[in-house]
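Quick notes on the structure that follows.
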Amino acid sequence: MIETLQTKKKLIIGVTAGILVIGGVGYYYTAQHNVPAAADHTGHQANAPVMAMGDTVTLDAKARQLAGVQTAQAFVKPLTKETKTTGKIAMNENGRTYITSRVEGRIDQLYVTAEGETIAPGQAIAAVYSPTYIAAQEEYLLAMENVQKLKNASKDIVQINNRLLEAARRKLQLLHVPDNEITHLEHTRQPKDHMTIYAQFGGTVLEKQVLAGTFLMPGDKMYSLSDLSTVWLYVDIYEKDIAGIKPGQQVVVTSGAYPGETFNGQVTFINPILDDATRTVKVRVEMANPGGKLKPNMFVNAMIQIPLGDSLLIPESSILDTGSRQIVFVAQSEDTFVRRDVVIGQYADGYVQILSGLQPGETVVTAAAFLIDSQTKLGSFGSHAGHGGGGDGKGAAASAPAAGSAAPVQAPAIPGAPADSGQHSGHSGH
């Protein structure tokens with residue numbers, strides 16, 4: 001698609017240049033038809049509107065006006081390139097967790113029943129009938145009784161009973177029984193039939209993996225959660241732009257779902273592998289998600305600002321890109337322009353970086369550069385214009401105009417046009 005657009009652009013510029021050249025020929029022929037043209041000693045017409053010699057083209061004021069020649073100076077300033085792309089919101093994998101069971105038992109009641117609900121850390125999520133939990137409570141109560149009954153026994157027995165009590169308490173803690181429930185057990189001395197399971201982590205429920213009546217074993221998954229307070233954004237960066245992308249760069253994101261609202265993120269990871277099919281690299285952006293507005297799988301637009309530092313710049317329109325070379329025309333004077341090869345860098349804000357080939361303050365052509373370039377090529381075809389034909393005898397007829405008649409005007413040569421021997425009659429035939 002890009003190659004097709006470039007081909008169409010070159011075709012349009014070529015047609016425009018042809019029209020301007022032909023128009024210039026007609027204009028100067030009309031304007032000078034009745035004015036005798038002075039010829040120098042070689043037979044060439046003096047003060048031709050367009051003259052080309054090698055890479056140098058000279059245009060008089062009328063020709064510059066007709067062609068619409070414009071110029072600008074090369075200058076240095078800090079440049080920032082904006083890379084715009086699209087991306088897809090994804091879950092923050094660092095915030096994904098599972099809530100698992102620490103006891104075996106039967107789920108008699110679920111307090112969180114639907115996917116998409118939010119669970120806070122420490123929230124009660126299920127009531128489980130667990131013989132393991134009941135036995136652990138009874139073991140703790142028995143250890144408490146032994147400590148009280150044998151508090152006047154020998155020092156060794158008291159130490160053993162205290163260690164047994166501490167071990168029983170530690171067992172309840174490993175089953176994730178809160179300290180306030182252990183304290184309640186110490187006061188009531190009545191073990192509970194059901195254990196309340198509390199969430200170890202918080203987040204949004206992505207998947208509920210149990211139902212009431214399910215028998216659990218230690219380590220079984222109950223809920224899959226994701227913390228959506230932060231999300232990831234994956235964007236595709238073309239290989240021509242990847243050199244400017246670095247971790248820590250700021251990214252501005254917009255979404256069609258929230259017109260006029262922007263979200264900010266930061267580049268956190270650049271995939272080391274290029275996608276061979278799309279010729280892009282995946283870049284991950286981490287973003288805050290206030291209010292949960294950014295939903296996973298949502299498509300958004302992203303803009304990354306790439307600082308390019310101080311750069312020598314000229315307008316984009318100054319560059320003639322042949323595919324293998326980049327050319328500009330440098331103004332040596334008001335009417336003289338010289339073709340020069342340059343090495344370019346990045347395009348941004350209507351300007352292009354010049355890496356070599358130009359110096360700050362030099363003046364380049366910004367409009368009609370293609371027309372001027374065409375004259376350097378026309379010059380090679382018309383380099384013998386003004387010389388008489390070899391032996392056809394027609395050149396002498398035009399060497400001196402009749403009295404009262406106008407001298408013929410030397411017009412710029414046009415590639416592909418049939419040669420007119422009368423236009424090569426600046427010298428008489430030999």
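To be explicit about the labels: the chains of the structure tokens are called A, B, and onward in the order shown, and within each one the residues are counted from 1, while ligands get numbers from 1 in the order they are shown.
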Could you list, as a PDB file with C-alpha atoms, in the first residue's frame, every residue within 12 Å of Lys84 of chain A, counting only C-alpha atoms and ignoring same-chain residues fewer than 5 positions away?
```
ATOM      1  CA  VAL A 235       0.949  -2.037  21.421  1.00  0.00           C
ATOM      2  CA  ASP A 236       2.578  -2.883  18.077  1.00  0.00           C
ATOM      3  CA  ILE A 237       5.584  -0.768  17.088  1.00  0.00           C
ATOM      4  CA  TYR A 238       6.968  -0.978  13.547  1.00  0.00           C
ATOM      5  CA  ASP A 241      10.388   3.167  15.057  1.00  0.00           C
ATOM      6  CA  VAL A 251       2.520   6.785  26.862  1.00  0.00           C
ATOM      7  CA  VAL A 252      -0.760   8.671  26.418  1.00  0.00           C
ATOM      8  CA  VAL A 253      -3.799   6.471  25.755  1.00  0.00           C
ATOM      9  CA  THR A 254      -7.261   7.389  24.471  1.00  0.00           C
ATOM     10  CA  VAL A 300      -7.368   1.778  22.475  1.00  0.00           C
ATOM     11  CA  ASN A 301      -5.153   4.334  20.725  1.00  0.00           C
ATOM     12  CA  ALA A 302      -1.688   5.088  22.060  1.00  0.00           C
ATOM     13  CA  MET A 303       0.816   7.874  21.429  1.00  0.00           C
ATOM     14  CA  ILE A 304       4.484   7.632  22.422  1.00  0.00           C
ATOM     15  CA  GLN A 305       6.725  10.688  22.335  1.00  0.00           C
ATOM     16  CA  ILE A 306      10.295   9.882  21.268  1.00  0.00           C
ATOM     17  CA  ALA A 348       8.674  14.469  12.661  1.00  0.00           C
TER      18      ALA A 348
END
```
Mind the document's chain letters and residue numbers, and return as an MDAnalysis selection string the residues of segment 17-244 of chain A that DSSP labels strand (DSSP E). chainID A and resid 50:53 56:59 70:73 75:91 96:100 105:110 118:119 124:129 194:198 203:208 215:216 221:226 230:238
Using the selection just defined, write its residues with C-alpha atoms as an mmCIF file, in the first residue's frame.
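What landed in result-v3.cif:
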```cif
data_model
loop_
_atom_site.group_PDB
_atom_site.id
_atom_site.type_symbol
_atom_site.label_atom_id
_atom_site.label_comp_id
_atom_site.auth_asym_id
_atom_site.auth_seq_id
_atom_site.Cartn_x
_atom_site.Cartn_y
_atom_site.Cartn_z
ATOM 1 C CA VAL A 50 16.213 28.057 -17.733
ATOM 2 C CA MET A 51 19.778 26.830 -17.980
ATOM 3 C CA ALA A 52 21.165 23.539 -16.667
ATOM 4 C CA MET A 53 24.750 22.369 -16.479
ATOM 5 C CA THR A 56 23.478 23.149 -11.385
ATOM 6 C CA VAL A 57 20.267 24.807 -12.590
ATOM 7 C CA THR A 58 19.741 28.520 -13.159
ATOM 8 C CA LEU A 59 16.227 30.009 -13.265
ATOM 9 C CA GLN A 70 10.212 28.439 -2.417
ATOM 10 C CA THR A 71 13.191 28.059 -0.093
ATOM 11 C CA ALA A 72 13.992 27.640 3.593
ATOM 12 C CA GLN A 73 17.125 27.549 5.731
ATOM 13 C CA PHE A 75 18.351 25.003 11.274
ATOM 14 C CA VAL A 76 19.036 23.138 14.529
ATOM 15 C CA LYS A 77 16.449 22.600 17.261
ATOM 16 C CA PRO A 78 15.315 19.849 19.678
ATOM 17 C CA LEU A 79 12.978 17.434 17.917
ATOM 18 C CA THR A 80 10.384 15.051 19.349
ATOM 19 C CA LYS A 81 8.744 12.392 17.242
ATOM 20 C CA GLU A 82 5.221 11.210 18.017
ATOM 21 C CA THR A 83 4.603 7.544 17.276
ATOM 22 C CA LYS A 84 0.901 6.723 17.109
ATOM 23 C CA THR A 85 -0.351 3.153 17.230
ATOM 24 C CA THR A 86 -3.187 0.987 18.512
ATOM 25 C CA GLY A 87 -3.187 -1.584 21.263
ATOM 26 C CA LYS A 88 -5.208 -3.970 23.372
ATOM 27 C CA ILE A 89 -5.788 -3.865 27.113
ATOM 28 C CA ALA A 90 -4.749 -7.003 28.988
ATOM 29 C CA MET A 91 -4.807 -8.117 32.606
ATOM 30 C CA ARG A 96 -3.355 -12.585 39.111
ATOM 31 C CA THR A 97 -3.860 -14.944 42.075
ATOM 32 C CA TYR A 98 -5.726 -18.038 43.248
ATOM 33 C CA ILE A 99 -7.561 -18.468 46.519
ATOM 34 C CA THR A 100 -6.951 -22.011 47.766
ATOM 35 C CA GLY A 105 -13.725 -30.464 54.291
ATOM 36 C CA ARG A 106 -17.137 -29.898 52.700
ATOM 37 C CA ILE A 107 -18.276 -26.470 51.535
ATOM 38 C CA ASP A 108 -21.648 -25.827 53.119
ATOM 39 C CA GLN A 109 -21.959 -22.167 52.148
ATOM 40 C CA LEU A 110 -20.349 -19.812 49.588
ATOM 41 C CA THR A 118 -14.758 -8.054 43.846
ATOM 42 C CA ILE A 119 -13.112 -9.737 46.828
ATOM 43 C CA ALA A 124 -15.043 -14.247 54.321
ATOM 44 C CA ILE A 125 -15.723 -16.329 51.217
ATOM 45 C CA ALA A 126 -16.981 -19.744 52.427
ATOM 46 C CA ALA A 127 -18.048 -21.837 55.418
ATOM 47 C CA VAL A 128 -16.544 -25.350 55.457
ATOM 48 C CA TYR A 129 -17.368 -28.336 57.642
ATOM 49 C CA HIS A 194 -17.654 -24.915 60.592
ATOM 50 C CA MET A 195 -14.513 -23.083 59.630
ATOM 51 C CA THR A 196 -14.814 -19.738 57.904
ATOM 52 C CA ILE A 197 -12.353 -19.400 54.990
ATOM 53 C CA TYR A 198 -11.005 -15.912 54.430
ATOM 54 C CA GLY A 203 -9.180 -8.762 43.306
ATOM 55 C CA THR A 204 -11.901 -9.344 40.751
ATOM 56 C CA VAL A 205 -13.222 -12.889 40.412
ATOM 57 C CA LEU A 206 -12.312 -14.238 36.976
ATOM 58 C CA GLU A 207 -13.399 -17.802 37.635
ATOM 59 C CA LYS A 208 -15.319 -19.518 40.449
ATOM 60 C CA PHE A 215 -15.377 -31.476 49.108
ATOM 61 C CA LEU A 216 -12.067 -29.680 49.377
ATOM 62 C CA LYS A 221 -8.311 -23.812 43.947
ATOM 63 C CA MET A 222 -11.511 -22.022 44.891
ATOM 64 C CA TYR A 223 -11.355 -18.703 42.980
ATOM 65 C CA SER A 224 -9.167 -17.181 40.278
ATOM 66 C CA LEU A 225 -8.634 -13.454 40.847
ATOM 67 C CA SER A 226 -7.053 -10.511 39.051
ATOM 68 C CA THR A 230 -3.614 -1.671 37.193
ATOM 69 C CA VAL A 231 -3.718 -3.149 33.679
ATOM 70 C CA TRP A 232 -1.292 -3.848 30.890
ATOM 71 C CA LEU A 233 -1.497 -2.473 27.365
ATOM 72 C CA TYR A 234 0.187 -4.232 24.449
ATOM 73 C CA VAL A 235 0.949 -2.037 21.421
ATOM 74 C CA ASP A 236 2.578 -2.883 18.077
ATOM 75 C CA ILE A 237 5.584 -0.768 17.088
ATOM 76 C CA TYR A 238 6.968 -0.978 13.547
#
```
(request) Can you check which residues of segment 78-316 of chain A DSSP gives as helix (DSSP H, G or I) on the backbone and send them as number ranges by chain? (result) A: 93-95, 131-149, 155-174, 179-188, 242-244, 290-292, 316
Output the selection as a compact mmCIF listing (two decimals), in the first residue's frame - C-alpha atoms for each residue.
```txt
# COMPACT_ATOMS: atom_id res chain seq x y z
CA GLU A 93 -0.28 -10.79 35.19
CA ASN A 94 1.51 -9.64 38.34
CA GLY A 95 -1.91 -9.16 39.96
CA PRO A 131 -13.05 -32.49 60.84
CA THR A 132 -9.43 -31.32 60.69
CA TYR A 133 -10.43 -27.91 62.01
CA ILE A 134 -12.60 -29.40 64.75
CA ALA A 135 -9.76 -31.69 65.86
CA ALA A 136 -7.30 -28.80 65.93
CA GLN A 137 -9.61 -26.78 68.19
CA GLU A 138 -10.07 -29.69 70.59
CA GLU A 139 -6.31 -30.25 70.69
CA TYR A 140 -5.78 -26.63 71.64
CA LEU A 141 -8.43 -26.76 74.39
CA LEU A 142 -6.87 -29.95 75.81
CA ALA A 143 -3.43 -28.34 75.89
CA MET A 144 -4.90 -25.34 77.73
CA GLU A 145 -6.44 -27.64 80.37
CA ASN A 146 -3.14 -29.49 80.91
CA VAL A 147 -1.30 -26.20 81.42
CA GLN A 148 -3.81 -25.09 84.05
CA LYS A 149 -4.02 -28.44 85.86
CA LYS A 155 9.58 -27.31 86.00
CA ASP A 156 10.15 -29.81 83.17
CA ILE A 157 6.46 -30.81 82.99
CA VAL A 158 5.34 -27.15 82.97
CA GLN A 159 7.74 -26.39 80.12
CA ILE A 160 6.49 -29.40 78.11
CA ASN A 161 2.84 -28.43 78.59
CA ASN A 162 3.54 -24.84 77.58
CA ARG A 163 5.30 -26.04 74.42
CA LEU A 164 2.37 -28.33 73.61
CA LEU A 165 -0.04 -25.40 74.01
CA GLU A 166 2.09 -23.24 71.75
CA ALA A 167 2.25 -26.01 69.13
CA ALA A 168 -1.56 -26.43 69.21
CA ARG A 169 -2.00 -22.68 68.75
CA ARG A 170 0.49 -22.70 65.88
CA LYS A 171 -1.49 -25.48 64.19
CA LEU A 172 -4.63 -23.33 64.21
CA GLN A 173 -2.67 -20.42 62.77
CA LEU A 174 -1.34 -22.61 59.95
CA ASP A 179 -6.13 -14.66 66.13
CA ASN A 180 -9.46 -13.17 67.22
CA GLU A 181 -11.17 -16.54 66.66
CA ILE A 182 -8.48 -18.31 68.69
CA THR A 183 -9.06 -15.78 71.48
CA HIS A 184 -12.82 -16.41 71.23
CA LEU A 185 -12.15 -20.16 71.52
CA GLU A 186 -10.09 -19.59 74.68
CA HIS A 187 -13.01 -17.76 76.32
CA THR A 188 -15.89 -19.97 75.22
CA ILE A 242 11.58 0.62 17.62
CA ALA A 243 15.04 2.19 18.07
CA GLY A 244 13.44 5.15 19.86
CA PRO A 290 -9.00 4.31 38.12
CA GLY A 291 -12.58 3.20 38.47
CA GLY A 292 -11.93 0.10 36.36
CA GLU A 316 9.98 17.33 4.48
```
